[in-house]
Amino acid sequence: MTLPTPESLAELKAALPGGWTQDAAEMAPWLTEWRGRWTGETPLLLQPRTTEDVARAVEICARHGTAIVTQGGGTGLVGGQIPYGEVLLSTRKLRKVRDVTPLDDAMTVEAGVTLLEAQELAKEKDRFFPLSLAAEGSATIGGVISTNAGGTAVLRYGMMRDLVLGIEAVMPDGQVFNGLKRLRKDNTGYDLKQMFIGAEGTLGVITAATLKLFPIMRSRATAIVGLESHHDAVVLLARAKAETGGGVEAFELMKRLGMSLVLKNIPDTREPLESTPPWYVLIELASGEPNGAEAAMERLLTAAFEEGLIVDAAIAQNDAQKAEFWRLREEHSAALKPEGGGWKHDVSVPVSRIADFIDEATTAVEKFHPGCRVSVFGHVGDGNLHYDVIPGVGEDIAAFIGRWMEGSEVIHDVVARYDGSISAEHGLGRLKTDEARRYKSPLEIATMQAIRQAIDPQRIMNPAVLF
């Protein structure tokens, strides 16, 4: 792997007339991670419009041994999309909708289609595409596949790995892998599409994908409830699953600290409950039966009050109030910025151990850095927590941020003891690749390295990530 040479840059520009830029102002927005933690550089931003353009570009890079970083919507949180001297290849202009087939519950779109656009395409055909993220208006299909994104509905529908039927990708030598199938069953050897999902652009450039669609639910109910203890949240989740027969689409835990920072730092937000309990859960139920979700929510909350699992509750009465409830959850990350940022962690542990993990991790981090504040929120239904540590009021921000990696090790050691993962949704990227060596077994690392060596022997694809 080498950084771009004048010869390779000249050949790339000639091969993609109108599909590149070296204008500093045009490239600048795509060289900085949105939280400002990584700011990189590139001599050339490629903006191909077709799979053939991508193939030509990658073939040229392969011949010259030129390194490439692929970028989708630029919404990643671990720095994997930021180049440091490599050619930057954007898939945002791969925009075609190739096929929507309701009878197959499938659609095929190119990598630059945004997640929100995919949801709307499905809705137009009376179908539902379930992946949902706060950044869905910017995040692209290629990006969410490359990072195996999860979002708020994993509990019912699974992560992106579970939502992909087929993939088209340009391999590191420029060949095109055409795996765009709509099949639900294909037992003819290795499932090659799975190599690209979660690979963070290291095994090729995803150019299109065939995605699973689902029936539209005919009723939906959303509520925020208050709890005295996060331990009650796990019990409440089990009760919700039993009450609805699998109709729980979202189950989001929020600590009072995070809620208070949203109310303080995000305009036009308000307390969702009459009380201010230590913990909140946002629950969303869905049913194929008209009014079924609303009835199930009433039964669930009535039983939860009687059992003492919840101390307060509010059910959204319309779409506007539902949006208000979801905004309180989705703005948690943004609400931390005015506090000086913090040590952010995207971890997962078995659902049954979530509450104990929160207790042990909080004790450990408060011992490591007395006076810090812990904000916990996330998808309890699939064991994924965003465990964020922010400075104490009046604390020196720079000194606090300087202890991030040490503090992360304290928290991630607890994650490991609970048989968890140090990256539940966002991948390893530049942030966690080196740290993951502490928690991955030598066999796991060696196997991943062997796969990569076989497919990208020059290591030109996103060379700084994944071992």
# chains A, B, ... in the order shown; residues from 1 in each chain; ligands from 1
$ select_by_dssp --residues "range 40-188 of chain A" --states "alpha helix (DSSP H)" --output "PyMOL selection string"
chain A and resi 51-64+115-124+141-146+154-157+160-163
$ write_last_selection --atoms "C-alpha atoms" --output "PDB file, in the first residue's frame"
ATOM      1  CA  THR A  51     -20.582   0.901 -10.566  1.00  0.00           C
ATOM      2  CA  GLU A  52     -18.447   0.955 -13.710  1.00  0.00           C
ATOM      3  CA  ASP A  53     -16.875   4.236 -12.569  1.00  0.00           C
ATOM      4  CA  VAL A  54     -16.055   2.685  -9.197  1.00  0.00           C
ATOM      5  CA  ALA A  55     -14.549  -0.383 -10.853  1.00  0.00           C
ATOM      6  CA  ARG A  56     -12.324   1.733 -13.102  1.00  0.00           C
ATOM      7  CA  ALA A  57     -11.127   3.798 -10.165  1.00  0.00           C
ATOM      8  CA  VAL A  58     -10.372   0.814  -7.936  1.00  0.00           C
ATOM      9  CA  GLU A  59      -8.569  -1.038 -10.747  1.00  0.00           C
ATOM     10  CA  ILE A  60      -6.290   1.968 -11.259  1.00  0.00           C
ATOM     11  CA  CYS A  61      -5.587   2.178  -7.534  1.00  0.00           C
ATOM     12  CA  ALA A  62      -4.848  -1.554  -7.433  1.00  0.00           C
ATOM     13  CA  ARG A  63      -2.323  -1.297 -10.263  1.00  0.00           C
ATOM     14  CA  HIS A  64      -0.526   1.555  -8.516  1.00  0.00           C
ATOM     15  CA  LEU A 115     -31.656   5.543   4.751  1.00  0.00           C
ATOM     16  CA  LEU A 116     -34.617   7.935   4.887  1.00  0.00           C
ATOM     17  CA  GLU A 117     -35.120   7.675   1.129  1.00  0.00           C
ATOM     18  CA  ALA A 118     -35.103   3.880   1.386  1.00  0.00           C
ATOM     19  CA  GLN A 119     -37.786   4.037   4.069  1.00  0.00           C
ATOM     20  CA  GLU A 120     -39.915   6.311   1.879  1.00  0.00           C
ATOM     21  CA  LEU A 121     -39.452   4.093  -1.193  1.00  0.00           C
ATOM     22  CA  ALA A 122     -40.721   1.128   0.774  1.00  0.00           C
ATOM     23  CA  LYS A 123     -43.689   3.092   2.103  1.00  0.00           C
ATOM     24  CA  GLU A 124     -44.729   4.075  -1.424  1.00  0.00           C
ATOM     25  CA  ILE A 141     -27.243   2.490   2.419  1.00  0.00           C
ATOM     26  CA  GLY A 142     -23.637   1.704   1.548  1.00  0.00           C
ATOM     27  CA  GLY A 143     -22.446   3.216   4.812  1.00  0.00           C
ATOM     28  CA  VAL A 144     -24.952   1.505   7.084  1.00  0.00           C
ATOM     29  CA  ILE A 145     -24.155  -1.840   5.472  1.00  0.00           C
ATOM     30  CA  SER A 146     -20.396  -1.301   5.779  1.00  0.00           C
ATOM     31  CA  VAL A 154     -33.080  -4.191  16.202  1.00  0.00           C
ATOM     32  CA  LEU A 155     -35.162  -5.881  18.878  1.00  0.00           C
ATOM     33  CA  ARG A 156     -37.768  -6.897  16.295  1.00  0.00           C
ATOM     34  CA  TYR A 157     -36.012  -6.787  12.922  1.00  0.00           C
ATOM     35  CA  MET A 160     -28.341  -4.413   8.923  1.00  0.00           C
ATOM     36  CA  ARG A 161     -26.749  -7.846   8.573  1.00  0.00           C
ATOM     37  CA  ASP A 162     -30.245  -9.286   8.962  1.00  0.00           C
ATOM     38  CA  LEU A 163     -31.830  -6.920   6.446  1.00  0.00           C
TER      39      LEU A 163
END
$ residues_around --residues "Pro29 in chain A" --least-positions-apart "6" --cutoff "12 Å" --atoms "only C-alpha atoms" --output "ChimeraX atom specification"
/A:23,36,38-41,45,73-75,82
$ closest_atom_pairs --of "range 202-290 of chain A" --to "range 169-184 of chain A" --cutoff "9 Å" --atoms "only C-alpha atoms" --output "CSV"
residue,atom,partner,partner_atom,distance
A:Thr202,CA,A:Pro172,CA,8.6
A:Leu203,CA,A:Pro172,CA,6.6
A:Gly204,CA,A:Met171,CA,4.5
A:Val205,CA,A:Val170,CA,5.0
A:Ile206,CA,A:Ala169,CA,4.2
A:Thr207,CA,A:Ala169,CA,5.2
A:Ala208,CA,A:Ala169,CA,7.0
A:Ala209,CA,A:Leu180,CA,6.4
A:Thr210,CA,A:Leu180,CA,5.9
A:Leu211,CA,A:Arg182,CA,8.2
A:Lys212,CA,A:Arg182,CA,8.4
$ write_last_selection --atoms "N, CA and C atoms" --output "PDB file, in the first residue's frame"
ATOM      1  N   THR A 202     -13.137  -2.516   4.039  1.00  0.00           N
ATOM      2  CA  THR A 202     -11.814  -3.128   3.935  1.00  0.00           C
ATOM      3  C   THR A 202     -11.743  -4.240   2.907  1.00  0.00           C
ATOM      4  N   LEU A 203     -12.879  -4.753   2.444  1.00  0.00           N
ATOM      5  CA  LEU A 203     -12.869  -5.871   1.503  1.00  0.00           C
ATOM      6  C   LEU A 203     -13.430  -5.492   0.146  1.00  0.00           C
ATOM      7  N   GLY A 204     -13.791  -4.244  -0.040  1.00  0.00           N
ATOM      8  CA  GLY A 204     -14.339  -3.790  -1.304  1.00  0.00           C
ATOM      9  C   GLY A 204     -15.242  -2.597  -1.105  1.00  0.00           C
ATOM     10  N   VAL A 205     -15.775  -2.089  -2.223  1.00  0.00           N
ATOM     11  CA  VAL A 205     -16.669  -0.935  -2.197  1.00  0.00           C
ATOM     12  C   VAL A 205     -18.076  -1.399  -2.519  1.00  0.00           C
ATOM     13  N   ILE A 206     -18.985  -1.306  -1.565  1.00  0.00           N
ATOM     14  CA  ILE A 206     -20.384  -1.666  -1.810  1.00  0.00           C
ATOM     15  C   ILE A 206     -20.995  -0.617  -2.735  1.00  0.00           C
ATOM     16  N   THR A 207     -21.584  -1.073  -3.852  1.00  0.00           N
ATOM     17  CA  THR A 207     -22.178  -0.142  -4.819  1.00  0.00           C
ATOM     18  C   THR A 207     -23.701  -0.244  -4.875  1.00  0.00           C
ATOM     19  N   ALA A 208     -24.271  -1.383  -4.472  1.00  0.00           N
ATOM     20  CA  ALA A 208     -25.726  -1.543  -4.455  1.00  0.00           C
ATOM     21  C   ALA A 208     -26.074  -2.695  -3.529  1.00  0.00           C
ATOM     22  N   ALA A 209     -27.334  -2.724  -3.113  1.00  0.00           N
ATOM     23  CA  ALA A 209     -27.778  -3.795  -2.214  1.00  0.00           C
ATOM     24  C   ALA A 209     -29.250  -4.080  -2.422  1.00  0.00           C
ATOM     25  N   THR A 210     -29.626  -5.333  -2.225  1.00  0.00           N
ATOM     26  CA  THR A 210     -31.024  -5.739  -2.194  1.00  0.00           C
ATOM     27  C   THR A 210     -31.418  -5.901  -0.735  1.00  0.00           C
ATOM     28  N   LEU A 211     -32.469  -5.191  -0.336  1.00  0.00           N
ATOM     29  CA  LEU A 211     -32.859  -5.090   1.068  1.00  0.00           C
ATOM     30  C   LEU A 211     -34.200  -5.768   1.326  1.00  0.00           C
ATOM     31  N   LYS A 212     -34.347  -6.304   2.518  1.00  0.00           N
ATOM     32  CA  LYS A 212     -35.612  -6.905   2.923  1.00  0.00           C
ATOM     33  C   LYS A 212     -36.646  -5.839   3.261  1.00  0.00           C
TER      34      LYS A 212
END
$ atom_distance --atom1 "CA of Thr152 in chain A" --atom2 "CA of Ser132 in chain A"
6.0 Å
$ closest_residue --among "A:Thr66, A:Thr276, A:Thr362, A:Thr21" --to "Leu3 in chain A" --atoms "only C-alpha atoms"
A:Thr66
$ decode --residues "range 78-89 of chain A" --atoms "N, CA and C atoms" --output "compact mmCIF listing (two decimals), in the first residue's frame"
# COMPACT_ATOMS: atom_id res chain seq x y z
N VAL A 78 -16.65 6.62 14.55
CA VAL A 78 -15.38 6.06 15.01
C VAL A 78 -14.23 6.39 14.06
N GLY A 79 -14.46 7.31 13.13
CA GLY A 79 -13.38 7.82 12.29
C GLY A 79 -12.98 6.94 11.13
N GLY A 80 -13.70 5.86 10.87
CA GLY A 80 -13.32 4.95 9.81
C GLY A 80 -13.47 5.52 8.42
N GLN A 81 -14.24 6.60 8.28
CA GLN A 81 -14.49 7.20 6.97
C GLN A 81 -13.57 8.36 6.65
N ILE A 82 -12.63 8.67 7.53
CA ILE A 82 -11.78 9.84 7.37
C ILE A 82 -10.43 9.43 6.77
N PRO A 83 -10.02 10.01 5.62
CA PRO A 83 -8.73 9.66 5.03
C PRO A 83 -7.59 10.46 5.65
N TYR A 84 -6.44 9.85 5.66
CA TYR A 84 -5.22 10.55 6.10
C TYR A 84 -4.17 10.39 5.01
N GLY A 85 -4.46 11.03 3.87
CA GLY A 85 -3.57 10.99 2.73
C GLY A 85 -4.02 10.06 1.64
N GLU A 86 -4.95 9.12 1.94
CA GLU A 86 -5.45 8.22 0.92
C GLU A 86 -6.39 8.95 -0.04
N VAL A 87 -6.66 8.34 -1.19
CA VAL A 87 -7.74 8.81 -2.06
C VAL A 87 -9.06 8.59 -1.33
N LEU A 88 -9.94 9.57 -1.37
CA LEU A 88 -11.26 9.44 -0.77
C LEU A 88 -12.27 9.16 -1.87
N LEU A 89 -12.97 8.02 -1.76
CA LEU A 89 -13.97 7.64 -2.75
C LEU A 89 -15.34 7.73 -2.12
